[in-house]
>>> print(open('protein_37.txt').read())   # compact mmCIF, C-alpha atoms
# COMPACT_ATOMS: atom_id res chain seq x y z
CA MET A 1 154.21 112.42 66.70
CA SER A 2 151.28 114.79 66.19
CA GLU A 3 148.00 114.09 67.94
CA GLN A 4 145.46 112.32 65.75
CA LYS A 5 142.55 114.48 64.59
CA LYS A 6 139.04 113.45 65.55
CA LEU A 7 135.96 113.38 63.33
CA PHE A 8 132.26 113.26 64.26
CA VAL A 9 129.73 112.52 61.51
CA LYS A 10 125.96 112.70 61.97
CA THR A 11 123.96 111.07 59.19
CA TYR A 12 120.38 111.90 58.24
CA GLY A 13 118.02 110.14 55.86
CA CYS A 14 118.46 107.26 53.48
CA GLN A 15 120.78 104.27 53.26
CA MET A 16 122.74 106.05 50.54
CA ASN A 17 123.67 108.73 53.05
CA VAL A 18 124.84 106.01 55.44
CA TYR A 19 127.05 104.66 52.66
CA ASP A 20 128.28 108.16 51.79
CA SER A 21 129.15 108.85 55.42
CA GLU A 22 131.25 105.69 55.55
CA ARG A 23 133.16 106.87 52.51
CA MET A 24 133.68 110.34 54.00
CA VAL A 25 135.14 108.77 57.13
CA SER A 26 137.41 106.68 54.91
CA ALA A 27 138.49 109.71 52.85
CA LEU A 28 139.30 111.81 55.91
CA GLY A 29 140.95 108.84 57.59
CA SER A 30 143.69 109.06 54.98
CA ASP A 31 144.21 112.62 56.17
CA GLY A 32 144.73 111.61 59.79
CA TYR A 33 141.17 111.73 61.15
CA THR A 34 139.70 109.01 63.33
CA GLU A 35 135.96 108.78 64.01
CA VAL A 36 134.54 109.56 67.46
CA ASP A 37 131.07 109.11 68.96
CA THR A 38 130.27 112.62 70.21
CA PRO A 39 130.66 116.14 68.76
CA GLU A 40 132.29 117.31 71.99
CA GLU A 41 135.35 115.15 71.23
CA ALA A 42 135.73 116.26 67.63
CA ASP A 43 138.15 118.47 65.73
CA MET A 44 135.75 118.31 62.78
CA ILE A 45 131.98 117.88 62.72
CA LEU A 46 130.15 116.86 59.53
CA LEU A 47 126.38 116.80 59.12
CA ASN A 48 125.51 114.54 56.18
CA THR A 49 122.05 115.81 55.35
CA CYS A 50 118.85 114.69 53.64
CA HIS A 51 116.40 117.02 51.92
CA ILE A 52 113.43 114.67 51.59
CA ARG A 53 111.64 115.37 54.85
CA GLU A 54 109.66 118.49 55.67
CA LYS A 55 111.66 121.54 56.77
CA ALA A 56 114.89 119.58 56.40
CA ALA A 57 117.02 122.69 55.94
CA GLU A 58 115.56 124.41 59.01
CA LYS A 59 116.31 121.36 61.14
CA ILE A 60 119.93 121.48 60.01
CA TYR A 61 120.22 125.18 60.86
CA SER A 62 118.79 124.40 64.28
CA GLU A 63 121.30 121.57 64.76
CA LEU A 64 124.14 123.87 63.73
CA GLY A 65 123.00 126.39 66.33
CA ARG A 66 123.56 123.78 69.02
CA PHE A 67 127.19 123.53 67.98
CA ARG A 68 127.87 127.24 68.55
CA PRO A 69 129.10 126.77 72.16
CA LEU A 70 131.52 124.08 70.94
CA LYS A 71 132.86 126.42 68.27
CA ASN A 72 133.21 129.25 70.77
CA ALA A 73 135.12 127.02 73.15
CA LYS A 74 137.29 125.53 70.41
CA PRO A 75 137.82 128.10 67.59
CA ASP A 76 139.85 125.61 65.54
CA LEU A 77 136.87 123.21 65.38
CA LYS A 78 135.83 122.74 61.75
CA ILE A 79 132.16 122.33 60.92
CA GLY A 80 130.89 121.08 57.58
CA VAL A 81 127.52 120.42 55.97
CA THR A 82 127.40 117.72 53.31
CA GLY A 83 124.69 115.90 51.38
CA CYS A 84 121.46 117.06 49.82
CA VAL A 85 120.72 120.09 52.02
CA ALA A 86 124.25 121.28 51.23
CA GLN A 87 123.51 120.88 47.53
CA ALA A 88 120.19 122.71 47.78
CA GLU A 89 121.27 125.56 50.07
CA GLY A 90 124.89 126.08 49.05
CA GLN A 91 126.36 129.43 50.07
CA GLU A 92 123.17 130.28 51.98
CA ILE A 93 124.28 127.91 54.75
CA ILE A 94 127.38 129.97 55.47
CA ALA A 95 125.39 133.20 55.13
CA ARG A 96 122.97 132.02 57.83
CA GLN A 97 125.50 130.16 59.98
CA PRO A 98 128.90 131.87 59.55
CA MET A 99 130.54 129.34 61.88
CA VAL A 100 130.23 126.71 59.10
CA ASP A 101 133.58 126.18 57.39
CA LEU A 102 132.69 124.01 54.41
CA VAL A 103 129.64 123.00 52.39
CA VAL A 104 129.98 119.93 50.16
CA GLY A 105 127.38 118.45 47.81
CA PRO A 106 126.89 114.68 47.47
CA GLN A 107 128.91 114.45 44.25
CA ALA A 108 132.00 116.20 45.65
CA TYR A 109 132.75 114.55 48.98
CA HIS A 110 135.90 112.93 47.56
CA ARG A 111 137.34 116.46 47.76
CA LEU A 112 136.77 116.68 51.52
CA PRO A 113 140.40 116.09 52.61
CA ASP A 114 141.70 118.88 50.38
CA MET A 115 138.91 121.24 51.44
CA ALA A 116 139.38 120.45 55.13
CA ALA A 117 143.05 121.32 54.86
CA LYS A 118 142.25 124.74 53.37
CA VAL A 119 139.44 125.99 55.62
CA GLY A 120 139.67 127.62 59.02
CA ASN A 121 140.61 131.02 60.43
CA GLY A 122 137.69 132.59 58.63
CA LYS A 123 138.30 130.89 55.28
CA THR A 124 135.29 128.92 54.01
CA LEU A 125 134.70 126.72 50.97
CA VAL A 126 131.55 125.65 49.10
CA ASP A 127 131.58 122.86 46.51
CA THR A 128 128.21 121.88 45.07
CA ASP A 129 129.38 121.11 41.55
CA PHE A 130 128.49 117.98 39.62
CA PRO A 131 132.03 117.04 38.55
CA GLU A 132 132.66 114.90 35.51
CA GLU A 133 135.13 112.67 37.34
CA ASP A 134 133.83 109.64 39.24
CA LYS A 135 134.03 110.47 42.95
CA PHE A 136 134.48 106.78 43.78
CA ASP A 137 137.76 106.71 41.83
CA HIS A 138 139.24 109.38 44.08
CA LEU A 139 138.43 107.88 47.46
CA PRO A 140 141.37 106.18 49.14
CA ARG A 141 141.11 102.64 50.39
CA GLY A 142 141.82 102.15 54.06
CA PRO A 143 143.16 99.00 55.72
CA LYS A 144 141.07 95.88 55.27
CA MET A 145 139.23 96.13 58.57
CA LYS A 146 136.62 93.57 59.59
CA ARG A 147 133.11 94.61 58.57
CA ALA A 148 129.65 93.88 59.95
CA PRO A 149 127.79 91.04 58.18
CA SER A 150 125.58 93.45 56.20
CA ALA A 151 126.75 96.38 54.07
CA PHE A 152 125.47 98.91 51.56
CA LEU A 153 127.02 99.36 48.13
CA THR A 154 126.06 102.29 45.91
CA VAL A 155 125.70 101.28 42.25
CA GLN A 156 123.66 104.17 40.86
CA GLU A 157 123.03 107.79 41.76
CA GLY A 158 120.71 110.54 40.61
CA CYS A 159 117.30 110.51 39.00
CA ASP A 160 115.83 111.39 35.61
CA LYS A 161 112.19 110.85 36.60
CA PHE A 162 111.38 114.37 37.86
CA CYS A 163 108.43 113.43 40.04
CA ALA A 164 106.59 116.65 40.81
CA PHE A 165 107.15 116.39 44.57
CA CYS A 166 110.83 115.39 44.61
CA VAL A 167 114.09 117.32 44.96
CA VAL A 168 116.42 114.41 44.18
CA PRO A 169 117.07 115.33 40.51
CA TYR A 170 118.18 118.77 41.71
CA THR A 171 120.30 117.62 44.66
CA ARG A 172 121.76 114.36 43.30
CA GLY A 173 121.76 115.16 39.58
CA ALA A 174 121.02 112.99 36.57
CA GLU A 175 121.08 109.19 36.67
CA VAL A 176 124.63 107.84 36.62
CA SER A 177 125.61 104.16 36.93
CA ARG A 178 128.97 102.99 38.22
CA PRO A 179 131.01 100.65 36.00
CA ALA A 180 130.20 97.01 36.67
CA GLU A 181 133.75 95.86 37.40
CA LYS A 182 134.26 98.57 40.04
CA ILE A 183 131.12 97.37 41.79
CA MET A 184 132.24 93.76 41.55
CA ALA A 185 135.65 94.67 42.98
CA GLU A 186 134.11 96.56 45.88
CA ALA A 187 131.73 93.66 46.56
CA ARG A 188 134.61 91.17 46.64
CA ASP A 189 136.50 93.46 49.01
CA LEU A 190 133.49 93.66 51.33
CA VAL A 191 133.08 89.89 51.34
CA GLU A 192 136.80 89.42 52.13
CA ARG A 193 136.23 91.61 55.19
CA GLY A 194 133.32 89.54 56.52
CA VAL A 195 130.27 90.96 54.75
CA ARG A 196 127.71 88.28 53.92
CA GLU A 197 124.80 90.43 52.74
CA ILE A 198 125.03 93.38 50.34
CA THR A 199 122.26 95.86 49.63
CA LEU A 200 122.73 97.60 46.29
CA LEU A 201 121.75 101.26 46.51
CA GLY A 202 120.50 103.82 44.05
CA GLN A 203 117.94 106.59 43.82
CA ASN A 204 116.49 104.48 40.99
CA VAL A 205 118.55 101.36 41.50
CA ASN A 206 116.72 99.26 38.93
CA ALA A 207 117.55 101.87 36.27
CA TYR A 208 121.16 100.68 36.62
CA HIS A 209 122.96 100.46 33.27
CA GLY A 210 126.66 100.27 34.07
CA ALA A 211 129.45 99.71 31.59
CA GLY A 212 130.79 96.16 31.55
CA ALA A 213 133.62 94.53 29.64
CA ASP A 214 131.11 92.98 27.23
CA GLY A 215 128.64 95.86 26.99
CA VAL A 216 126.12 97.56 29.23
CA TRP A 217 124.98 95.57 32.25
CA SER A 218 121.46 95.76 33.64
CA LEU A 219 120.76 95.40 37.35
CA ALA A 220 119.67 91.80 36.73
CA ARG A 221 123.00 91.03 35.04
CA LEU A 222 124.90 92.68 37.89
CA ILE A 223 123.00 90.66 40.50
CA ASN A 224 123.59 87.43 38.58
CA GLU A 225 127.33 88.09 38.59
CA LEU A 226 127.39 89.08 42.25
CA ALA A 227 125.60 85.85 43.10
CA LYS A 228 128.67 83.95 41.86
CA ILE A 229 130.78 85.30 44.75
CA ASP A 230 130.97 82.23 47.01
CA ASP A 231 130.81 83.80 50.46
CA LEU A 232 128.25 86.44 49.53
CA LEU A 233 125.10 84.82 50.91
CA ARG A 234 122.42 87.45 50.38
CA ILE A 235 121.70 90.26 47.90
CA ARG A 236 119.13 93.04 48.14
CA PHE A 237 118.50 96.28 46.24
CA THR A 238 116.69 99.53 46.92
CA THR A 239 115.02 101.86 45.91
CA SER A 240 113.18 100.78 42.75
CA HIS A 241 110.85 102.58 40.37
CA PRO A 242 107.97 100.60 38.86
CA ASN A 243 108.83 101.82 35.35
CA ASP A 244 112.29 100.24 35.52
CA MET A 245 111.22 96.82 36.79
CA ASP A 246 112.01 94.81 33.65
CA GLN A 247 111.34 91.13 33.02
CA ASP A 248 114.96 90.08 33.55
CA LEU A 249 114.90 91.55 37.05
CA ILE A 250 111.54 89.93 37.78
CA ASP A 251 112.92 86.59 36.57
CA ALA A 252 115.97 86.99 38.82
CA HIS A 253 113.68 86.93 41.84
CA GLY A 254 112.44 83.53 40.74
CA THR A 255 115.79 81.97 39.85
CA LEU A 256 118.42 83.37 42.22
CA ASP A 257 118.32 81.98 45.76
CA LYS A 258 120.73 84.68 46.95
CA LEU A 259 118.35 87.48 45.89
CA MET A 260 116.11 87.97 48.90
CA PRO A 261 112.31 87.75 48.57
CA TYR A 262 111.78 91.34 49.64
CA LEU A 263 111.15 94.23 47.27
CA HIS A 264 110.69 97.92 48.03
CA LEU A 265 108.61 99.22 45.11
CA PRO A 266 107.08 102.65 45.82
CA VAL A 267 103.76 103.50 44.17
CA GLN A 268 103.06 106.80 46.08
CA ALA A 269 99.29 106.86 45.38
CA GLY A 270 96.42 104.71 44.13
CA SER A 271 94.62 107.35 42.07
CA ASP A 272 95.55 107.66 38.40
CA LYS A 273 94.71 111.36 38.53
CA ILE A 274 97.16 111.92 41.36
CA LEU A 275 99.81 109.67 39.80
CA LYS A 276 99.62 111.76 36.64
CA ALA A 277 99.86 114.97 38.66
CA MET A 278 102.92 113.49 40.39
CA ASN A 279 104.48 112.72 36.99
CA ARG A 280 104.92 109.10 38.01
CA LYS A 281 104.27 107.75 34.48
CA HIS A 282 102.55 104.59 35.70
CA THR A 283 98.94 103.86 36.59
CA ALA A 284 97.41 101.94 39.46
CA GLU A 285 96.48 99.17 37.04
CA SER A 286 99.96 98.91 35.50
CA TYR A 287 101.37 98.73 39.03
CA HIS A 288 98.92 95.92 39.92
CA GLN A 289 99.91 94.01 36.79
CA LEU A 290 103.58 94.40 37.70
CA ILE A 291 102.94 93.08 41.21
CA GLU A 292 101.17 90.05 39.73
CA LYS A 293 104.18 89.30 37.50
CA ILE A 294 106.58 89.59 40.44
CA ARG A 295 104.46 87.33 42.63
CA ALA A 296 104.18 84.81 39.81
CA ALA A 297 107.98 84.66 39.69
CA ARG A 298 108.40 84.58 43.49
CA PRO A 299 105.14 83.72 45.30
CA ASP A 300 106.61 84.24 48.77
CA ILE A 301 107.96 87.73 48.09
CA ALA A 302 107.25 90.44 50.66
CA LEU A 303 106.51 93.90 49.30
CA SER A 304 107.25 97.29 50.74
CA GLY A 305 106.10 100.67 49.46
CA ASP A 306 106.02 104.44 49.88
CA PHE A 307 102.93 106.65 50.01
CA ILE A 308 102.35 110.39 49.93
CA VAL A 309 99.05 111.54 51.41
CA GLY A 310 97.46 114.89 50.64
CA PHE A 311 99.23 115.64 47.36
CA PRO A 312 97.87 118.86 45.80
CA GLY A 313 94.44 118.21 44.33
CA GLU A 314 93.85 114.93 46.20
CA THR A 315 90.16 114.39 46.91
CA GLU A 316 88.58 111.88 49.29
CA GLU A 317 87.84 109.71 46.24
CA ASP A 318 91.52 109.83 45.25
CA PHE A 319 92.56 108.90 48.76
CA GLN A 320 90.08 106.00 48.82
CA ALA A 321 91.80 104.69 45.67
CA THR A 322 95.05 104.56 47.66
CA LEU A 323 93.35 102.58 50.43
CA ASP A 324 91.88 100.23 47.80
CA LEU A 325 95.33 99.66 46.29
CA CYS A 326 96.75 98.81 49.71
CA GLU A 327 93.96 96.29 50.29
CA LYS A 328 94.83 94.58 47.00
CA VAL A 329 98.61 94.54 47.42
CA ARG A 330 98.79 93.99 51.20
CA TYR A 331 102.27 95.31 51.93
CA ALA A 332 104.46 93.55 54.48
CA GLN A 333 105.87 96.97 55.33
CA ALA A 334 105.32 100.49 54.05
CA TYR A 335 106.30 104.09 54.65
CA SER A 336 103.75 106.88 54.47
CA PHE A 337 104.03 110.63 54.80
CA LYS A 338 102.00 113.78 54.48
CA TYR A 339 102.84 115.80 51.37
CA SER A 340 105.03 118.79 52.17
CA GLU A 341 106.19 121.45 49.75
CA ARG A 342 109.74 121.39 48.42
CA PRO A 343 110.83 124.77 47.02
CA GLY A 344 111.68 124.54 43.34
CA THR A 345 109.53 121.48 42.64
CA PRO A 346 106.48 121.75 40.36
CA ALA A 347 104.03 120.60 43.03
CA ALA A 348 105.03 123.43 45.37
CA GLU A 349 103.64 125.97 42.90
CA ARG A 350 100.17 124.43 42.70
CA LYS A 351 97.24 126.24 44.26
CA THR A 352 95.17 123.15 45.11
CA GLN A 353 97.01 122.38 48.37
CA VAL A 354 95.17 120.04 50.75
CA PRO A 355 94.47 121.46 54.24
CA GLU A 356 96.85 120.22 56.92
CA ASP A 357 94.12 118.75 59.11
CA VAL A 358 92.76 116.75 56.17
CA LYS A 359 96.24 115.40 55.40
CA SER A 360 96.71 114.38 59.02
CA GLU A 361 93.37 112.58 59.20
CA ARG A 362 94.01 110.70 55.95
CA LEU A 363 97.52 109.73 57.02
CA ALA A 364 96.16 108.27 60.26
CA ARG A 365 93.68 106.13 58.33
CA LEU A 366 96.32 104.93 55.87
CA GLN A 367 98.83 104.09 58.58
CA ALA A 368 96.22 102.15 60.51
CA LEU A 369 95.56 100.02 57.43
CA LEU A 370 99.25 99.54 56.65
CA SER A 371 99.97 98.58 60.27
CA LYS A 372 97.15 96.03 60.16
CA HIS A 373 98.59 94.42 57.03
CA GLN A 374 102.12 94.41 58.48
CA ALA A 375 100.90 92.76 61.67
CA GLU A 376 99.07 90.11 59.64
CA PHE A 377 102.16 89.39 57.56
CA GLN A 378 104.36 89.06 60.64
CA GLN A 379 101.79 86.86 62.38
CA SER A 380 101.77 84.56 59.35
CA LEU A 381 105.42 83.75 60.12
CA VAL A 382 104.75 82.59 63.67
CA GLY A 383 105.34 78.84 63.94
CA LYS A 384 107.42 78.74 60.77
CA THR A 385 111.10 77.87 60.50
CA ILE A 386 113.02 80.58 58.65
CA PRO A 387 116.70 81.37 57.92
CA VAL A 388 118.20 84.35 59.75
CA LEU A 389 121.52 86.11 59.15
CA LEU A 390 122.88 86.97 62.59
CA GLU A 391 124.31 90.49 62.70
CA LYS A 392 124.92 91.76 66.23
CA HIS A 393 124.36 91.40 69.98
CA GLY A 394 120.93 92.17 71.43
CA ARG A 395 120.13 93.93 74.68
CA LEU A 396 119.62 90.74 76.70
CA ASP A 397 122.34 88.33 77.82
CA GLY A 398 122.98 85.77 75.12
CA GLN A 399 120.59 87.46 72.70
CA LEU A 400 121.56 88.07 69.09
CA ILE A 401 119.75 90.10 66.45
CA GLY A 402 119.56 89.04 62.85
CA ARG A 403 117.48 89.65 59.75
CA SER A 404 114.98 87.35 58.09
CA GLU A 405 114.87 87.05 54.32
CA TYR A 406 112.05 89.61 54.55
CA LEU A 407 114.34 92.16 56.27
CA LEU A 408 112.53 91.81 59.58
CA PRO A 409 114.72 91.98 62.70
CA VAL A 410 114.70 88.67 64.57
CA HIS A 411 115.70 88.24 68.23
CA VAL A 412 117.14 84.85 69.16
CA LEU A 413 119.32 83.28 71.85
CA ALA A 414 122.44 81.95 70.15
CA ASN A 415 126.20 81.66 70.49
CA ALA A 416 127.97 84.94 69.67
CA GLU A 417 130.41 83.04 67.47
CA LYS A 418 127.56 82.56 65.01
CA ILE A 419 127.39 86.29 64.14
CA GLY A 420 127.91 86.50 60.39
CA THR A 421 126.32 83.10 59.73
CA ILE A 422 122.83 82.04 58.72
CA ILE A 423 120.95 79.83 61.17
CA ASN A 424 117.46 78.35 61.11
CA VAL A 425 115.04 79.61 63.74
CA LYS A 426 111.44 78.87 64.62
CA VAL A 427 109.39 82.04 65.03
CA GLU A 428 107.62 82.07 68.39
CA ARG A 429 106.20 85.59 68.59
CA SER A 430 105.51 88.63 66.42
CA ASP A 431 106.28 91.97 68.04
CA ARG A 432 105.51 95.40 66.65
CA ASN A 433 108.35 95.59 64.12
CA SER A 434 110.31 92.41 64.81
CA LEU A 435 110.10 88.69 65.50
CA SER A 436 111.20 86.59 68.47
CA ALA A 437 112.45 83.08 67.71
CA ARG A 438 114.47 80.14 68.96
CA GLU A 439 117.28 78.37 67.17
CA VAL A 440 116.50 74.98 65.66
CA GLY A 441 118.81 72.37 64.19
>>> encode(input="protein_37.txt", output="structure tokens")
Amino acid sequence: MSEQKKLFVKTYGCQMNVYDSERMVSALGSDGYTEVDTPEEADMILLNTCHIREKAAEKIYSELGRFRPLKNAKPDLKIGVTGCVAQAEGQEIIARQPMVDLVVGPQAYHRLPDMAAKVGNGKTLVDTDFPEEDKFDHLPRGPKMKRAPSAFLTVQEGCDKFCAFCVVPYTRGAEVSRPAEKIMAEARDLVERGVREITLLGQNVNAYHGAGADGVWSLARLINELAKIDDLLRIRFTTSHPNDMDQDLIDAHGTLDKLMPYLHLPVQAGSDKILKAMNRKHTAESYHQLIEKIRAARPDIALSGDFIVGFPGETEEDFQATLDLCEKVRYAQAYSFKYSERPGTPAAERKTQVPEDVKSERLARLQALLSKHQAEFQQSLVGKTIPVLLEKHGRLDGQLIGRSEYLLPVHVLANAEKIGTIINVKVERSDRNSLSAREVG
């Protein structure tokens, strides 16, 4: 019997890449690969990349350079780059790092087993096409192994918004929604394997419009149907665009107990001038009105957001408008970044770039405000009894880690047999990004 091949996958970036990496492991598992924890053990190394952060491609080239001694010591080692950097860089990756054997874009990873079988001994392959076939149809199903209590499920990919700062439309392609029944089948399969919470993923997840047996389903319709799966206890979705937050989806937050009261709804800036320059197609006021509707439907909802500081042309007045918006919304959690140029995007060509030191100073001010609001939100939970889905062991003896309805990690002493169940806990302390609690009856 031949020795089993070993696969190491390193994942960068968003939850969708985590999901994609799981599917790559599954696809290559049908070809005899088993996943290992370190690159030194591997017969194949895959870097599943993200192109959102600054200098993402350069970081990948640097990472590849660290694998050169492994390749020299083991010439048969196969090295691949997948994901959004692969899509953006293509053949250039092999030109700059000849030790790379294959480059696969995010819409073609179902072809990995066939490509892996063909590369090696100097032969390389690059596949960054946007194929017409559904990649999900071509991925083999492995044995029904037990899963962790929480799982991601991709329902939509790509983006048609063309925000001026973003590479996603170029690396992930146009918006495409998976057929509803395929999503339902995958959800049922996950639940059969022990999953109790599913997070629906998409670049613009609330733009979902998948084909159903009785017509096109919206995201709200999909969530309503998923909620009928008995042992599926919690449903989440990310990432949303304000322009696709329709009334049916808002209403779902008020009527479906299984839909968690946590919504990631990026605004990016508080200045209408900057929002227009970003091609966001919403205003600060329309965003405020949307937040009011959502809170009217679900008063206890916790909001999360994304912010870009120092977008080309941003003045101190524009930045103050972002601070003002944050004061009004009061996010329970938020992500904020300095603007960085992405080659090929409209914003990268603009001459009104904000100096780096100004961006850094503004980011520090914004993050201080966001951290203050997060701390206040977490402190408001202290003394309250909340439900927590237990997911895994903590670092301390007898400690388990779960998630609140608001996605906050919660540390609690509980019986390990309760992993995968929801228990009630009383919050005793708010830490920096988590809560400490004790189990109550």
>>> atom_distance(input="protein_37.txt", atom1="CA of Tyr287 in chain A", atom2="CA of Val267 in chain A")
7.4 Å
>>> residues_around(input="protein_37.txt", residues="Leu125 in chain A", least_positions_apart="4", cutoff="12 Å", atoms="all atoms listed in the file", output="VMD selection string")
chain A and resid 78 to 82 86 90 to 91 93 to 94 98 to 105 111 to 112 114 to 121
>>> closest_atom_pairs(input="protein_37.txt", of="range 46-91 of chain A", to="range 13-36 of chain A", cutoff="10 Å", atoms="only C-alpha atoms", output="CSV")
residue,atom,partner,partner_atom,distance
A:Leu46,CA,A:Ser21,CA,9.1
A:Leu47,CA,A:Ser21,CA,9.2
A:Asn48,CA,A:Ser21,CA,6.8
A:Thr49,CA,A:Gly13,CA,7.0
A:Cys50,CA,A:Gly13,CA,5.1
A:His51,CA,A:Gly13,CA,8.1
A:Ile52,CA,A:Gly13,CA,7.7
A:Arg53,CA,A:Gly13,CA,8.3
A:Ala56,CA,A:Gly13,CA,10.0
A:Thr82,CA,A:Ser21,CA,9.3
A:Gly83,CA,A:Asn17,CA,7.4
A:Cys84,CA,A:Asn17,CA,9.2
>>> closest_residue(input="protein_37.txt", among="A:Thr283, A:Gln289, A:Thr128, A:Thr154", to="Lys182 in chain A", atoms="all atoms listed in the file")
A:Thr154
>>> residues_around(input="protein_37.txt", residues="range 166-172 of chain A", least_positions_apart="6", cutoff="10 Å", atoms="all atoms listed in the file", output="mmCIF file with C-alpha atoms, in the coordinates of the input")
data_model
loop_
_atom_site.group_PDB
_atom_site.id
_atom_site.type_symbol
_atom_site.label_atom_id
_atom_site.label_comp_id
_atom_site.auth_asym_id
_atom_site.auth_seq_id
_atom_site.Cartn_x
_atom_site.Cartn_y
_atom_site.Cartn_z
ATOM 1 C CA CYS A 50 118.850 114.690 53.640
ATOM 2 C CA HIS A 51 116.400 117.020 51.920
ATOM 3 C CA ILE A 52 113.430 114.670 51.590
ATOM 4 C CA GLY A 83 124.690 115.900 51.380
ATOM 5 C CA CYS A 84 121.460 117.060 49.820
ATOM 6 C CA VAL A 85 120.720 120.090 52.020
ATOM 7 C CA ALA A 86 124.250 121.280 51.230
ATOM 8 C CA GLN A 87 123.510 120.880 47.530
ATOM 9 C CA ALA A 88 120.190 122.710 47.780
ATOM 10 C CA GLU A 89 121.270 125.560 50.070
ATOM 11 C CA GLY A 105 127.380 118.450 47.810
ATOM 12 C CA PRO A 106 126.890 114.680 47.470
ATOM 13 C CA GLN A 107 128.910 114.450 44.250
ATOM 14 C CA THR A 128 128.210 121.880 45.070
ATOM 15 C CA PHE A 130 128.490 117.980 39.620
ATOM 16 C CA GLU A 157 123.030 107.790 41.760
ATOM 17 C CA GLY A 158 120.710 110.540 40.610
ATOM 18 C CA CYS A 159 117.300 110.510 39.000
ATOM 19 C CA ASP A 160 115.830 111.390 35.610
ATOM 20 C CA GLN A 203 117.940 106.590 43.820
ATOM 21 C CA MET A 278 102.920 113.490 40.390
ATOM 22 C CA GLU A 341 106.190 121.450 49.750
ATOM 23 C CA ARG A 342 109.740 121.390 48.420
ATOM 24 C CA PRO A 343 110.830 124.770 47.020
ATOM 25 C CA GLY A 344 111.680 124.540 43.340
ATOM 26 C CA THR A 345 109.530 121.480 42.640
ATOM 27 C CA PRO A 346 106.480 121.750 40.360
ATOM 28 C CA ALA A 347 104.030 120.600 43.030
ATOM 29 C CA ALA A 348 105.030 123.430 45.370
#
>>> build_atoms(input="protein_37.txt", residues="range 251-265 of chain A", atoms="N, CA and C atoms", output="compact mmCIF listing (two decimals), in the frame of the given file")
# COMPACT_ATOMS: atom_id res chain seq x y z
N ASP A 251 112.49 87.99 36.67
CA ASP A 251 112.92 86.59 36.57
C ASP A 251 114.00 86.26 37.59
N ALA A 252 114.89 87.22 37.86
CA ALA A 252 115.97 86.99 38.82
C ALA A 252 115.42 86.64 40.20
N HIS A 253 114.29 87.24 40.55
CA HIS A 253 113.68 86.93 41.84
C HIS A 253 113.21 85.47 41.90
N GLY A 254 112.91 84.92 40.75
CA GLY A 254 112.44 83.53 40.74
C GLY A 254 113.54 82.51 40.59
N THR A 255 114.74 82.94 40.15
CA THR A 255 115.79 81.97 39.85
C THR A 255 117.01 82.06 40.75
N LEU A 256 117.22 83.18 41.41
CA LEU A 256 118.42 83.37 42.22
C LEU A 256 118.10 83.24 43.71
N ASP A 257 118.58 82.18 44.33
CA ASP A 257 118.32 81.98 45.76
C ASP A 257 118.94 83.08 46.61
N LYS A 258 120.05 83.66 46.16
CA LYS A 258 120.73 84.68 46.95
C LYS A 258 120.01 86.03 46.92
N LEU A 259 119.12 86.24 45.96
CA LEU A 259 118.35 87.48 45.89
C LEU A 259 117.15 87.33 46.81
N MET A 260 117.11 88.15 47.84
CA MET A 260 116.11 87.97 48.90
C MET A 260 114.69 88.28 48.42
N PRO A 261 113.70 87.56 48.96
CA PRO A 261 112.31 87.75 48.57
C PRO A 261 111.67 88.94 49.26
N TYR A 262 112.27 90.10 49.06
CA TYR A 262 111.78 91.34 49.64
C TYR A 262 112.04 92.45 48.63
N LEU A 263 111.01 93.20 48.30
CA LEU A 263 111.15 94.23 47.27
C LEU A 263 110.47 95.52 47.71
N HIS A 264 111.25 96.60 47.75
CA HIS A 264 110.69 97.92 48.03
C HIS A 264 110.36 98.56 46.68
N LEU A 265 109.06 98.73 46.42
CA LEU A 265 108.61 99.22 45.11
C LEU A 265 107.57 100.32 45.32
